[in-house]
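Below: my_file-v3.cif (mmCIF, C-alpha atoms (C1' of nucleotides))
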```cif
data_run
loop_
_atom_site.label_atom_id
_atom_site.label_comp_id
_atom_site.auth_asym_id
_atom_site.auth_seq_id
_atom_site.Cartn_x
_atom_site.Cartn_y
_atom_site.Cartn_z
CA MET A 1050 0.00 0.00 0.00
CA HIS A 1051 1.53 3.31 -1.05
CA GLN A 1052 1.31 5.48 1.98
CA GLN A 1053 0.67 9.20 1.43
CA ALA A 1054 0.45 8.65 -2.31
CA HIS A 1055 -2.00 11.54 -2.41
CA GLU A 1056 -0.12 13.76 0.04
CA LEU A 1057 2.98 14.96 -1.68
CA THR A 1058 2.73 18.67 -1.15
CA GLU A 1059 5.83 20.35 0.12
CA ALA A 1060 4.29 20.91 3.54
CA ALA A 1061 3.11 17.35 3.87
CA VAL A 1062 6.45 15.88 2.95
CA GLN A 1063 8.23 18.31 5.23
CA THR A 1064 6.08 17.15 8.12
CA LEU A 1065 6.76 13.55 7.21
CA PHE A 1066 10.49 14.22 7.17
CA VAL A 1067 10.41 15.98 10.51
CA GLN A 1068 8.54 13.05 12.01
CA HIS A 1069 11.28 10.80 10.73
CA HIS A 1070 14.12 13.04 11.87
CA LEU A 1071 15.26 13.93 8.40
CA ARG A 1072 16.27 17.39 7.30
CA PHE A 1073 14.10 18.76 4.56
CA THR A 1074 15.98 19.78 1.46
CA ARG A 1075 15.00 20.56 -2.09
CA GLN A 1076 16.83 17.44 -3.26
CA ARG A 1077 15.31 15.08 -0.78
CA TYR A 1078 11.88 16.39 -1.54
CA ALA A 1079 12.44 15.78 -5.23
CA VAL A 1080 13.70 12.25 -4.67
CA TYR A 1081 10.92 11.34 -2.32
CA ARG A 1082 8.27 12.70 -4.62
CA ALA A 1083 9.74 10.92 -7.61
CA LEU A 1084 9.91 7.66 -5.69
CA ALA A 1085 6.48 7.89 -4.08
CA CYS A 1086 4.60 8.52 -7.30
CA GLU A 1087 6.21 5.60 -9.08
CA ASP A 1088 4.21 2.46 -9.50
CA ILE A 1089 7.24 0.50 -10.58
CA HIS A 1090 10.21 0.04 -8.27
CA PRO A 1091 12.86 2.31 -9.68
CA THR A 1092 16.61 1.95 -9.41
CA ALA A 1093 18.72 4.83 -8.14
CA ASP A 1094 19.74 5.59 -11.67
CA GLN A 1095 16.19 5.60 -13.00
CA LEU A 1096 15.29 8.15 -10.35
CA TYR A 1097 18.34 10.19 -11.25
CA GLN A 1098 17.37 10.16 -14.94
CA LYS A 1099 13.85 11.20 -14.13
CA LEU A 1100 15.02 14.03 -11.91
CA THR A 1101 17.54 15.18 -14.46
CA ASP A 1102 14.80 15.33 -17.09
CA ASN A 1103 12.78 17.43 -14.67
CA LYS A 1104 15.80 19.70 -14.33
CA SER A 1105 15.66 19.13 -10.61
CA GLY A 1106 19.38 19.87 -10.32
CA ILE A 1107 20.59 16.95 -8.34
CA SER A 1108 23.61 14.72 -8.40
CA LEU A 1109 23.66 10.96 -8.55
CA ALA A 1110 25.54 10.83 -5.26
CA THR A 1111 22.71 12.70 -3.61
CA VAL A 1112 20.16 10.31 -5.02
CA TYR A 1113 22.06 7.47 -3.37
CA ASN A 1114 22.54 9.40 -0.14
CA THR A 1115 18.90 10.32 0.02
CA LEU A 1116 17.68 6.82 -0.67
CA GLU A 1117 19.92 5.54 2.08
CA ALA A 1118 18.53 8.15 4.45
CA LEU A 1119 14.95 7.29 3.50
CA VAL A 1120 15.56 3.61 4.04
CA LYS A 1121 17.31 4.14 7.34
CA SER A 1122 14.51 6.35 8.61
CA GLY A 1123 11.85 3.90 7.51
CA LEU A 1124 10.31 5.96 4.71
CA ALA A 1125 11.37 3.57 1.98
CA GLN A 1126 12.68 0.12 1.51
CA LYS A 1127 15.44 -1.27 -0.61
CA LEU A 1128 14.52 -4.29 -2.65
CA ALA A 1129 17.17 -6.64 -3.88
CA ASP A 1130 16.86 -6.93 -7.61
CA GLY A 1131 18.47 -10.29 -8.04
CA GLY A 1132 20.01 -8.56 -11.00
CA THR A 1133 22.59 -5.83 -11.09
CA SER A 1134 21.12 -2.89 -9.26
CA ALA A 1135 18.94 -2.30 -6.23
CA ARG A 1136 15.36 -1.14 -6.47
CA TYR A 1137 13.52 1.15 -4.11
CA ASP A 1138 9.99 1.43 -2.91
CA ALA A 1139 8.37 4.31 -1.00
CA SER A 1140 6.26 1.89 0.89
CA VAL A 1141 7.10 0.20 4.08
CA ASP A 1142 4.08 -1.95 4.71
CA ASP A 1143 4.14 -5.65 4.15
CA HIS A 1144 3.23 -6.31 0.60
CA LEU A 1145 3.61 -8.82 -2.15
CA HIS A 1146 5.83 -8.74 -5.16
CA LEU A 1147 5.57 -10.64 -8.36
CA ARG A 1148 8.80 -11.48 -10.10
CA ASP A 1149 8.77 -12.48 -13.71
CA ARG A 1150 11.33 -15.23 -14.15
CA ALA A 1151 11.83 -14.34 -17.77
CA THR A 1152 12.66 -10.67 -17.39
CA GLY A 1153 13.48 -10.45 -13.70
CA SER A 1154 11.08 -7.55 -13.46
CA LEU A 1155 9.38 -6.88 -10.20
CA MET A 1156 5.93 -5.48 -9.57
CA ASP A 1157 3.35 -5.19 -6.85
CA VAL A 1158 0.44 -7.50 -6.42
CA PRO A 1159 -2.70 -5.33 -6.21
CA VAL A 1160 -3.21 -4.27 -2.63
CA ASN A 1161 -6.56 -5.95 -2.09
CA LEU A 1162 -5.28 -9.36 -3.17
CA GLY A 1163 -1.98 -8.99 -1.40
CA LYS A 1164 -3.58 -7.90 1.81
CA ARG A 1165 -5.91 -10.86 1.79
CA LEU A 1166 -3.00 -13.23 1.44
CA LEU A 1167 -1.01 -11.55 4.18
CA ASP A 1168 -4.00 -11.41 6.50
CA ASN A 1169 -4.51 -15.10 6.04
CA LEU A 1170 -1.02 -16.17 6.94
CA PRO A 1171 -1.19 -18.67 9.78
CA ASP A 1172 -0.36 -16.38 12.65
CA ASN A 1173 0.18 -19.17 15.12
CA ILE A 1174 2.99 -20.61 13.01
CA LEU A 1175 4.66 -17.22 12.73
CA LYS A 1176 4.44 -16.87 16.48
CA GLU A 1177 5.88 -20.32 16.88
CA ILE A 1178 8.80 -19.45 14.63
CA GLU A 1179 9.42 -16.35 16.71
CA SER A 1180 9.45 -18.18 20.01
CA GLU A 1181 11.27 -21.22 18.73
CA LEU A 1182 14.07 -19.22 17.12
CA GLY A 1183 14.19 -16.27 19.47
CA PHE A 1184 13.51 -13.97 16.55
CA SER A 1185 11.21 -11.00 16.36
CA ILE A 1186 9.54 -10.56 12.97
CA ASN A 1187 9.16 -7.00 11.76
CA ARG A 1188 8.13 -7.60 8.21
CA VAL A 1189 7.05 -10.45 6.01
CA GLN A 1190 8.34 -10.11 2.50
CA ILE A 1191 6.71 -12.42 0.00
CA GLU A 1192 7.76 -12.79 -3.57
CA LEU A 1193 5.79 -14.85 -6.04
CA VAL A 1194 8.18 -16.05 -8.71
CA GLY A 1195 6.73 -17.22 -11.97
CA GLU A 1196 5.80 -16.11 -15.44
CA TYR A 1197 3.06 -14.36 -17.27
CA ALA A 1198 0.67 -16.57 -19.15
CA GLY A 1199 1.54 -14.83 -22.39
CA ASN A 1200 5.15 -16.07 -22.28
CA MET B 370 15.05 -28.66 2.29
CA HIS B 371 18.52 -29.51 1.11
CA GLN B 372 17.97 -32.00 -1.61
CA GLN B 373 20.54 -34.80 -1.97
CA ALA B 374 22.40 -33.45 1.04
CA HIS B 375 23.41 -37.03 1.79
CA GLU B 376 24.09 -38.01 -1.81
CA LEU B 377 27.19 -36.19 -2.84
CA THR B 378 29.29 -39.01 -4.18
CA GLU B 379 30.83 -38.41 -7.54
CA ALA B 380 28.49 -40.88 -9.20
CA ALA B 381 25.39 -39.38 -7.63
CA VAL B 382 26.30 -35.86 -8.61
CA GLN B 383 27.22 -36.98 -12.10
CA THR B 384 23.80 -38.53 -12.51
CA LEU B 385 22.21 -35.37 -11.19
CA PHE B 386 24.16 -33.29 -13.68
CA VAL B 387 23.23 -35.56 -16.58
CA GLN B 388 19.59 -35.29 -15.61
CA HIS B 389 19.93 -31.54 -15.73
CA HIS B 390 21.90 -31.47 -19.00
CA LEU B 391 25.10 -30.26 -17.44
CA ARG B 392 28.53 -31.55 -18.31
CA PHE B 393 30.29 -33.12 -15.38
CA THR B 394 33.66 -31.58 -14.61
CA ARG B 395 35.99 -31.73 -11.65
CA GLN B 396 35.36 -28.03 -11.02
CA ARG B 397 31.58 -28.22 -11.17
CA TYR B 398 31.58 -31.19 -8.87
CA ALA B 399 33.68 -29.29 -6.36
CA VAL B 400 31.45 -26.22 -6.50
CA TYR B 401 28.25 -28.20 -6.21
CA ARG B 402 29.55 -30.21 -3.30
CA ALA B 403 30.79 -27.12 -1.51
CA LEU B 404 27.46 -25.42 -2.04
CA ALA B 405 25.25 -28.35 -1.15
CA CYS B 406 26.91 -29.08 2.16
CA GLU B 407 26.68 -25.48 3.33
CA ASP B 408 24.01 -24.61 5.83
CA ILE B 409 24.54 -20.90 5.29
CA HIS B 410 23.98 -19.27 1.91
CA PRO B 411 27.45 -18.60 0.62
CA THR B 412 28.53 -15.90 -1.79
CA ALA B 413 30.53 -16.78 -4.88
CA ASP B 414 33.64 -15.55 -3.18
CA GLN B 415 33.05 -17.56 -0.01
CA LEU B 416 32.80 -20.67 -2.14
CA TYR B 417 35.95 -19.70 -3.97
CA GLN B 418 37.82 -19.24 -0.68
CA LYS B 419 36.62 -22.56 0.62
CA LEU B 420 37.65 -24.33 -2.56
CA THR B 421 41.00 -22.62 -2.60
CA ASP B 422 41.63 -23.79 0.95
CA ASN B 423 40.76 -27.28 -0.18
CA LYS B 424 43.29 -26.87 -2.96
CA SER B 425 40.56 -27.74 -5.41
CA GLY B 426 42.34 -25.82 -8.12
CA ILE B 427 39.60 -23.64 -9.47
CA SER B 428 39.37 -20.07 -10.62
CA LEU B 429 36.93 -17.47 -9.44
CA ALA B 430 35.55 -17.09 -12.96
CA THR B 431 34.68 -20.77 -12.96
CA VAL B 432 32.89 -20.46 -9.66
CA TYR B 433 30.74 -17.76 -11.21
CA ASN B 434 30.24 -19.71 -14.42
CA THR B 435 29.30 -22.83 -12.54
CA LEU B 436 26.87 -21.09 -10.25
CA GLU B 437 25.20 -19.54 -13.25
CA ALA B 438 24.95 -22.96 -14.90
CA LEU B 439 23.53 -24.52 -11.74
CA VAL B 440 20.93 -21.80 -11.41
CA LYS B 441 19.95 -21.96 -15.05
CA SER B 442 19.55 -25.72 -14.88
CA GLY B 443 17.52 -25.54 -11.72
CA LEU B 444 20.03 -27.14 -9.35
CA ALA B 445 20.52 -24.00 -7.31
CA GLN B 446 19.00 -20.64 -6.76
CA LYS B 447 20.45 -17.20 -6.54
CA LEU B 448 19.28 -15.18 -3.60
CA ALA B 449 19.44 -11.44 -3.81
CA ASP B 450 21.36 -10.31 -0.80
CA GLY B 451 20.02 -6.81 -0.54
CA GLY B 452 23.59 -6.06 0.31
CA THR B 453 26.60 -6.13 -1.92
CA SER B 454 26.92 -9.64 -3.24
CA ALA B 455 24.61 -12.43 -4.30
CA ARG B 456 24.11 -15.56 -2.26
CA TYR B 457 23.48 -19.05 -3.51
CA ASP B 458 21.54 -22.00 -2.27
CA ALA B 459 21.69 -25.59 -3.52
CA SER B 460 18.03 -25.98 -2.87
CA VAL B 461 15.23 -25.25 -5.19
CA ASP B 462 12.23 -26.03 -3.08
CA ASP B 463 10.10 -23.33 -1.58
CA HIS B 464 11.52 -22.43 1.76
CA LEU B 465 11.68 -19.65 4.25
CA HIS B 466 14.50 -17.30 5.01
CA LEU B 467 15.12 -15.25 8.06
CA ARG B 468 16.92 -11.97 7.56
CA ASP B 469 18.52 -10.24 10.48
CA ARG B 470 17.96 -6.52 10.03
CA ALA B 471 21.04 -5.71 12.05
CA THR B 472 23.58 -7.75 10.17
CA GLY B 473 21.76 -8.44 6.91
CA SER B 474 22.57 -12.10 7.36
CA LEU B 475 20.29 -14.67 5.88
CA MET B 476 19.48 -18.12 7.13
CA ASP B 477 16.95 -20.87 6.71
CA VAL B 478 13.98 -21.38 8.91
CA PRO B 479 14.08 -25.03 10.05
CA VAL B 480 12.35 -27.16 7.48
CA ASN B 481 9.57 -28.45 9.69
CA LEU B 482 8.45 -24.97 10.69
CA GLY B 483 8.89 -23.53 7.25
CA LYS B 484 6.99 -26.30 5.61
CA ARG B 485 4.09 -25.86 7.98
CA LEU B 486 3.86 -22.20 7.14
CA LEU B 487 4.07 -22.83 3.40
CA ASP B 488 1.53 -25.63 3.56
CA ASN B 489 -0.86 -23.33 5.32
CA LEU B 490 -0.74 -20.53 2.82
CA PRO B 491 -4.28 -19.83 1.64
CA ASP B 492 -4.19 -21.66 -1.64
CA ASN B 493 -7.40 -20.18 -2.92
CA ILE B 494 -5.94 -16.68 -2.73
CA LEU B 495 -2.83 -17.75 -4.59
CA LYS B 496 -5.03 -19.28 -7.26
CA GLU B 497 -7.00 -16.09 -7.42
CA ILE B 498 -3.85 -14.05 -7.87
CA GLU B 499 -2.84 -16.35 -10.69
CA SER B 500 -6.10 -16.10 -12.54
CA GLU B 501 -6.62 -12.42 -11.85
CA LEU B 502 -3.18 -11.40 -13.04
CA GLY B 503 -2.58 -14.03 -15.69
CA PHE B 504 0.50 -15.15 -13.86
CA SER B 505 1.69 -18.64 -13.16
CA ILE B 506 3.44 -19.03 -9.81
CA ASN B 507 6.45 -21.35 -9.75
CA ARG B 508 7.85 -20.56 -6.39
CA VAL B 509 6.86 -18.69 -3.26
CA GLN B 510 9.80 -16.99 -1.65
CA ILE B 511 9.15 -15.77 1.86
CA GLU B 512 11.57 -13.75 3.90
CA LEU B 513 10.94 -12.94 7.52
CA VAL B 514 12.75 -9.72 8.33
CA GLY B 515 13.44 -8.91 11.93
CA GLU B 516 15.96 -9.28 14.66
CA TYR B 517 17.20 -11.77 17.16
CA ALA B 518 15.97 -11.33 20.67
CA GLY B 519 19.52 -10.89 21.95
CA ASN B 520 19.97 -7.64 20.02
"C1'" DC C 1212 21.12 36.93 11.86
"C1'" DC C 1213 24.73 33.48 13.12
"C1'" DT C 1214 26.44 29.28 13.85
"C1'" DA C 1215 27.04 24.42 13.99
"C1'" DT C 1216 25.86 20.59 11.89
"C1'" DA C 1217 24.21 18.10 8.28
"C1'" DC C 1218 23.63 17.87 3.41
"C1'" DT C 1219 25.27 18.18 -1.51
"C1'" DT C 1220 28.40 17.43 -5.13
"C1'" DG C 1221 32.05 15.99 -8.65
"C1'" DT C 1222 35.28 12.85 -8.80
"C1'" DA C 1223 38.00 9.03 -7.40
"C1'" DA C 1224 38.06 4.58 -5.51
"C1'" DT C 1225 36.03 0.11 -4.59
"C1'" DG C 1226 34.45 -4.34 -5.32
"C1'" DG C 1227 31.36 -7.76 -7.16
"C1'" DT C 1228 30.45 -9.66 -11.51
"C1'" DT C 1229 30.99 -10.33 -16.48
"C1'" DC C 1230 33.77 -10.40 -20.71
"C1'" DT C 1231 37.46 -11.94 -23.64
"C1'" DA C 1232 40.45 -14.80 -25.99
"C1'" DA C 1233 43.37 -18.60 -25.64
"C1'" DG C 1234 44.08 -23.14 -23.89
"C1'" DT C 1235 41.88 -27.57 -22.26
"C1'" DT C 1236 38.59 -31.33 -21.72
"C1'" DA C 1237 34.34 -34.17 -21.69
"C1'" DG C 1238 31.94 -37.20 -24.06
"C1'" DA C 1239 29.99 -38.70 -28.49
"C1'" DA C 1240 30.95 -41.11 -32.63
"C1'" DA C 1241 33.50 -44.17 -35.37
"C1'" DT D 983 40.58 -46.63 -28.34
"C1'" DT D 984 41.23 -42.63 -31.10
"C1'" DT D 985 39.47 -38.56 -32.91
"C1'" DC D 986 36.86 -34.54 -32.98
"C1'" DT D 987 34.36 -30.56 -31.56
"C1'" DA D 988 31.43 -28.13 -28.67
"C1'" DA D 989 31.61 -26.90 -24.20
"C1'" DC D 990 34.31 -25.71 -20.27
"C1'" DT D 991 38.20 -23.33 -17.72
"C1'" DT D 992 41.13 -19.61 -16.82
"C1'" DA D 993 43.77 -15.12 -15.89
"C1'" DG D 994 43.28 -10.80 -16.42
"C1'" DA D 995 40.95 -6.83 -18.25
"C1'" DA D 996 36.79 -4.41 -18.37
"C1'" DC D 997 32.48 -2.97 -16.49
"C1'" DC D 998 29.32 -0.68 -13.68
"C1'" DA D 999 26.63 0.02 -9.49
"C1'" DT D 1000 27.70 1.89 -5.33
"C1'" DT D 1001 30.49 4.21 -1.75
"C1'" DA D 1002 34.15 7.25 -0.10
"C1'" DC D 1003 36.23 11.62 0.00
"C1'" DA D 1004 36.97 16.42 0.66
"C1'" DA D 1005 35.39 20.88 -0.23
"C1'" DG D 1006 31.53 23.85 -0.69
"C1'" DT D 1007 26.61 24.98 0.77
"C1'" DA D 1008 22.24 25.16 3.12
"C1'" DT D 1009 19.09 24.03 7.05
"C1'" DA D 1010 17.20 24.87 11.40
"C1'" DG D 1011 17.96 26.15 16.13
"C1'" DG D 1012 19.21 29.72 19.17
#
```

Kindly transcribe the structure held in the file into structure tokens.
Amino acid sequence: MHQQAHELTEAAVQTLFVQHHLRFTRQRYAVYRALACEDIHPTADQLYQKLTDNKSGISLATVYNTLEALVKSGLAQKLADGGTSARYDASVDDHLHLRDRATGSLMDVPVNLGKRLLDNLPDNILKEIESELGFSINRVQIELVGEYAGN
Amino acid sequence: MHQQAHELTEAAVQTLFVQHHLRFTRQRYAVYRALACEDIHPTADQLYQKLTDNKSGISLATVYNTLEALVKSGLAQKLADGGTSARYDASVDDHLHLRDRATGSLMDVPVNLGKRLLDNLPDNILKEIESELGFSINRVQIELVGEYAGN
DNA sequence: CCTATACTTGTAATGGTTCTAAGTTAGAAA
DNA sequence: TTTCTAACTTAGAACCATTACAAGTATAGG
């Protein structure tokens, strides 16, 4: 679920940053906005390209720095691509990804379906894993690997 | 579940390779054996180090080539590390991973627990996702992200 | 308005992975 | 067994995503 997808005004994002102990800068605002309005899961370089097209005046190093800050503060997550470069997502909730074996591409499962699957995970077994292994689960990341019917 | 974990004789692995249309070489045997008897999920370089210690006489390029061949043939899977380097696993079955947020380390959930969770996934919802999205699911990869109680 | 601290930036360095081109080998066929 | 060739191995170069660095700049608190 894309949190605040409809709340990307400067003031709203500034508030969000303050809540997460992040300084608000022109560059960070641009990166966050670009990331949050994406429905794919962009790489750092894709974001940089997009921002450069927008003449947002930002360096690639800053894109990386900002993404790291967002991830560390909990405003984004870094998804391993399996391929060459990392992908980012401005969502932090549990959600499902679909990975196409053929292309390696990654996309979200529609929220309603994904949520139903996650809500129906056997909670008692998760609890058992936690107690048995002395592990505290923060997030359940599920990836459905397969291929589109067309292929 | 580590398939053939007890069946790593030369003959057994050779048969396995033939079944998967892979030529059997000294180097591939060494890599497969090193991978299959690991309980962690080694990186290419960790395997290379281990094999070098064993004086197996193998180059790093071959480790990479072999891992790629194993993955392509279905005898291993590549796990995105989220961090810097990829990790490999000589198992192809659905299974669960635990990722420690602190260290980024990745390990298996014991088979019995993992299997119970996977067996209790709501199958009807998975089917619905398949039909709704025109996607055919080969594998369900679940990662439990969290931290050990000690930390 | 001033200041301290944190952020930004271009560039260099790093490090995992892939490429290349030359040598070697597995395994099929005779 | 011998021969043959496609496939494999290898060292080193190349590649490219990411991080480190050091100098300049901007934010937010006082």

Please identify every residue of chain B that has at least one atom no farther than 12 Å from an atom of chain C, counting only C-alpha atoms (C1' of nucleotides), and for each give the shortest atom pair and the distance in Å to one decimal, arranged by chain then increasing number, as JSON lines.
```
{"residue": "B:Val387", "atom": "CA", "partner": "C:DG1238", "partner_atom": "C1'", "distance": 11.6}
{"residue": "B:Leu391", "atom": "CA", "partner": "C:DA1237", "partner_atom": "C1'", "distance": 10.9}
{"residue": "B:Arg392", "atom": "CA", "partner": "C:DA1237", "partner_atom": "C1'", "distance": 7.2}
{"residue": "B:Phe393", "atom": "CA", "partner": "C:DA1237", "partner_atom": "C1'", "distance": 7.6}
{"residue": "B:Thr394", "atom": "CA", "partner": "C:DA1237", "partner_atom": "C1'", "distance": 7.6}
{"residue": "B:Arg395", "atom": "CA", "partner": "C:DT1236", "partner_atom": "C1'", "distance": 10.4}
{"residue": "B:Gln396", "atom": "CA", "partner": "C:DT1236", "partner_atom": "C1'", "distance": 11.7}
{"residue": "B:Thr412", "atom": "CA", "partner": "C:DG1227", "partner_atom": "C1'", "distance": 10.2}
{"residue": "B:Ala413", "atom": "CA", "partner": "C:DG1227", "partner_atom": "C1'", "distance": 9.3}
{"residue": "B:Asp414", "atom": "CA", "partner": "C:DG1227", "partner_atom": "C1'", "distance": 9.0}
{"residue": "B:Leu429", "atom": "CA", "partner": "C:DT1228", "partner_atom": "C1'", "distance": 10.4}
{"residue": "B:Ala430", "atom": "CA", "partner": "C:DT1229", "partner_atom": "C1'", "distance": 8.9}
{"residue": "B:Thr431", "atom": "CA", "partner": "C:DT1229", "partner_atom": "C1'", "distance": 11.6}
{"residue": "B:Val432", "atom": "CA", "partner": "C:DT1228", "partner_atom": "C1'", "distance": 11.2}
{"residue": "B:Tyr433", "atom": "CA", "partner": "C:DT1228", "partner_atom": "C1'", "distance": 8.1}
{"residue": "B:Asn434", "atom": "CA", "partner": "C:DT1229", "partner_atom": "C1'", "distance": 9.6}
{"residue": "B:Glu437", "atom": "CA", "partner": "C:DT1228", "partner_atom": "C1'", "distance": 11.3}
{"residue": "B:Gly452", "atom": "CA", "partner": "C:DG1227", "partner_atom": "C1'", "distance": 10.9}
{"residue": "B:Thr453", "atom": "CA", "partner": "C:DG1227", "partner_atom": "C1'", "distance": 7.3}
{"residue": "B:Ser454", "atom": "CA", "partner": "C:DG1227", "partner_atom": "C1'", "distance": 6.2}
{"residue": "B:Ala455", "atom": "CA", "partner": "C:DG1227", "partner_atom": "C1'", "distance": 8.7}
{"residue": "B:Arg456", "atom": "CA", "partner": "C:DG1227", "partner_atom": "C1'", "distance": 11.7}
```

Per residue of stretch 404-514 of chain B within 10 Å of stretch 1160-1177 of chain A, note the shortest atom pair and the distance in Å to one decimal, counting only C-alpha atoms, and order the rows by chain and increasing residue number, as JSON lines.
```
{"residue": "B:Leu482", "atom": "CA", "partner": "A:Ile1174", "partner_atom": "CA", "distance": 7.4}
{"residue": "B:Gly483", "atom": "CA", "partner": "A:Ile1174", "partner_atom": "CA", "distance": 8.7}
{"residue": "B:Arg485", "atom": "CA", "partner": "A:Ile1174", "partner_atom": "CA", "distance": 7.4}
{"residue": "B:Leu486", "atom": "CA", "partner": "A:Ile1174", "partner_atom": "CA", "distance": 6.1}
{"residue": "B:Leu487", "atom": "CA", "partner": "A:Leu1170", "partner_atom": "CA", "distance": 9.1}
{"residue": "B:Asp488", "atom": "CA", "partner": "A:Pro1171", "partner_atom": "CA", "distance": 9.7}
{"residue": "B:Asn489", "atom": "CA", "partner": "A:Pro1171", "partner_atom": "CA", "distance": 6.5}
{"residue": "B:Leu490", "atom": "CA", "partner": "A:Leu1170", "partner_atom": "CA", "distance": 6.0}
{"residue": "B:Pro491", "atom": "CA", "partner": "A:Asn1169", "partner_atom": "CA", "distance": 6.5}
{"residue": "B:Asp492", "atom": "CA", "partner": "A:Leu1166", "partner_atom": "CA", "distance": 9.1}
{"residue": "B:Asn493", "atom": "CA", "partner": "A:Leu1166", "partner_atom": "CA", "distance": 9.3}
{"residue": "B:Ile494", "atom": "CA", "partner": "A:Leu1166", "partner_atom": "CA", "distance": 6.2}
{"residue": "B:Leu495", "atom": "CA", "partner": "A:Leu1166", "partner_atom": "CA", "distance": 7.5}
{"residue": "B:Glu497", "atom": "CA", "partner": "A:Leu1162", "partner_atom": "CA", "distance": 8.1}
{"residue": "B:Ile498", "atom": "CA", "partner": "A:Leu1162", "partner_atom": "CA", "distance": 6.8}
{"residue": "B:Glu501", "atom": "CA", "partner": "A:Leu1162", "partner_atom": "CA", "distance": 9.3}
{"residue": "B:Leu513", "atom": "CA", "partner": "A:Leu1175", "partner_atom": "CA", "distance": 9.2}
```

request  = Find the residues near B:Ala399: any atom within 10 Å, counting only C-alpha atoms (C1' of nucleotides), skip ones fewer than 6 places away on the same chain, and give them as a PyMOL selection string.
outcome  = chain B and resi 379+405+416+420+423+425-427+432+435

request  = Name the residues that the PyMOL selection byres ((chain A and resi 1148-1152) around 8) pulls out of this structure, and write them as a list in words.
outcome  =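 Selected by the PyMOL selection byres ((chain A and resi 1148-1152) around 8) in this file: His1146, Leu1147, Gly1153, Ser1154, Leu1155, Met1156, Glu1192, Leu1193, Val1194, Gly1195, Glu1196 and Tyr1197 of chain A.
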
inquiry  = Just to confirm, what's the straight-line distance from atom C1' of D:DC998 to atom CA of A:Cys1086 in Å (one decimal)?
reply    =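 Atom-to-atom, atom C1' of D:DC998 and atom CA of A:Cys1086 are spaced 27.1 Å apart.
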
ask   = From the list A:Ala1061, A:Val1189, A:Leu1182, A:Val1080, which residue is nearest A:Ser1108 when using only C-alpha atoms?
value =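 Ranking A:Ala1061, A:Val1189, A:Leu1182, A:Val1080 by distance to A:Ser1108, first place goes to A:Val1080.
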
message = Just to confirm, what's the straight-line distance from atom CA of B:Gln418 to atom CA of B:His389 in Å (one decimal)?
response =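 Atom CA of B:His389 lies at a distance of 26.4 Å from atom CA of B:Gln418.
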
request  = Name every residue that the PyMOL selection byres ((chain D) within 12 of (chain B)) selects in this structure, writing the answer as a VMD selection string with chains first and numbers rising.
outcome  = chain D and resid 988 to 994 999 to 1001

query = With all atoms listed in the file as the atoms that count, which of A:Val1120, A:Ala1083, A:Val1158, A:Leu1145 lies nearest to A:Ile1191?
reply = A:Leu1145

task = Kindly give the distance, in Å, that separates atom CA of A:Gln1068 and atom CA of A:Ser1122, rounded to a single decimal.
result =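 That distance, rounded to one decimal, is 9.6 Å.
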
key: 9 Å contact set for B:Leu448, all atoms listed in the file, chain neighbours under 4 positions out, as a list in words   = Ala1129 and Gly1131 of chain A; His410, Ala455, Arg456, Tyr457 and Asp458 of chain B

ask   = If you apply the PyMOL selection byres ((chain B and resi 461) around 6) to this file, what residues do you get, as a list in words?
value =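 So the PyMOL selection byres ((chain B and resi 461) around 6), applied here, picks out Ala445, Ser460 and Asp462 of chain B.
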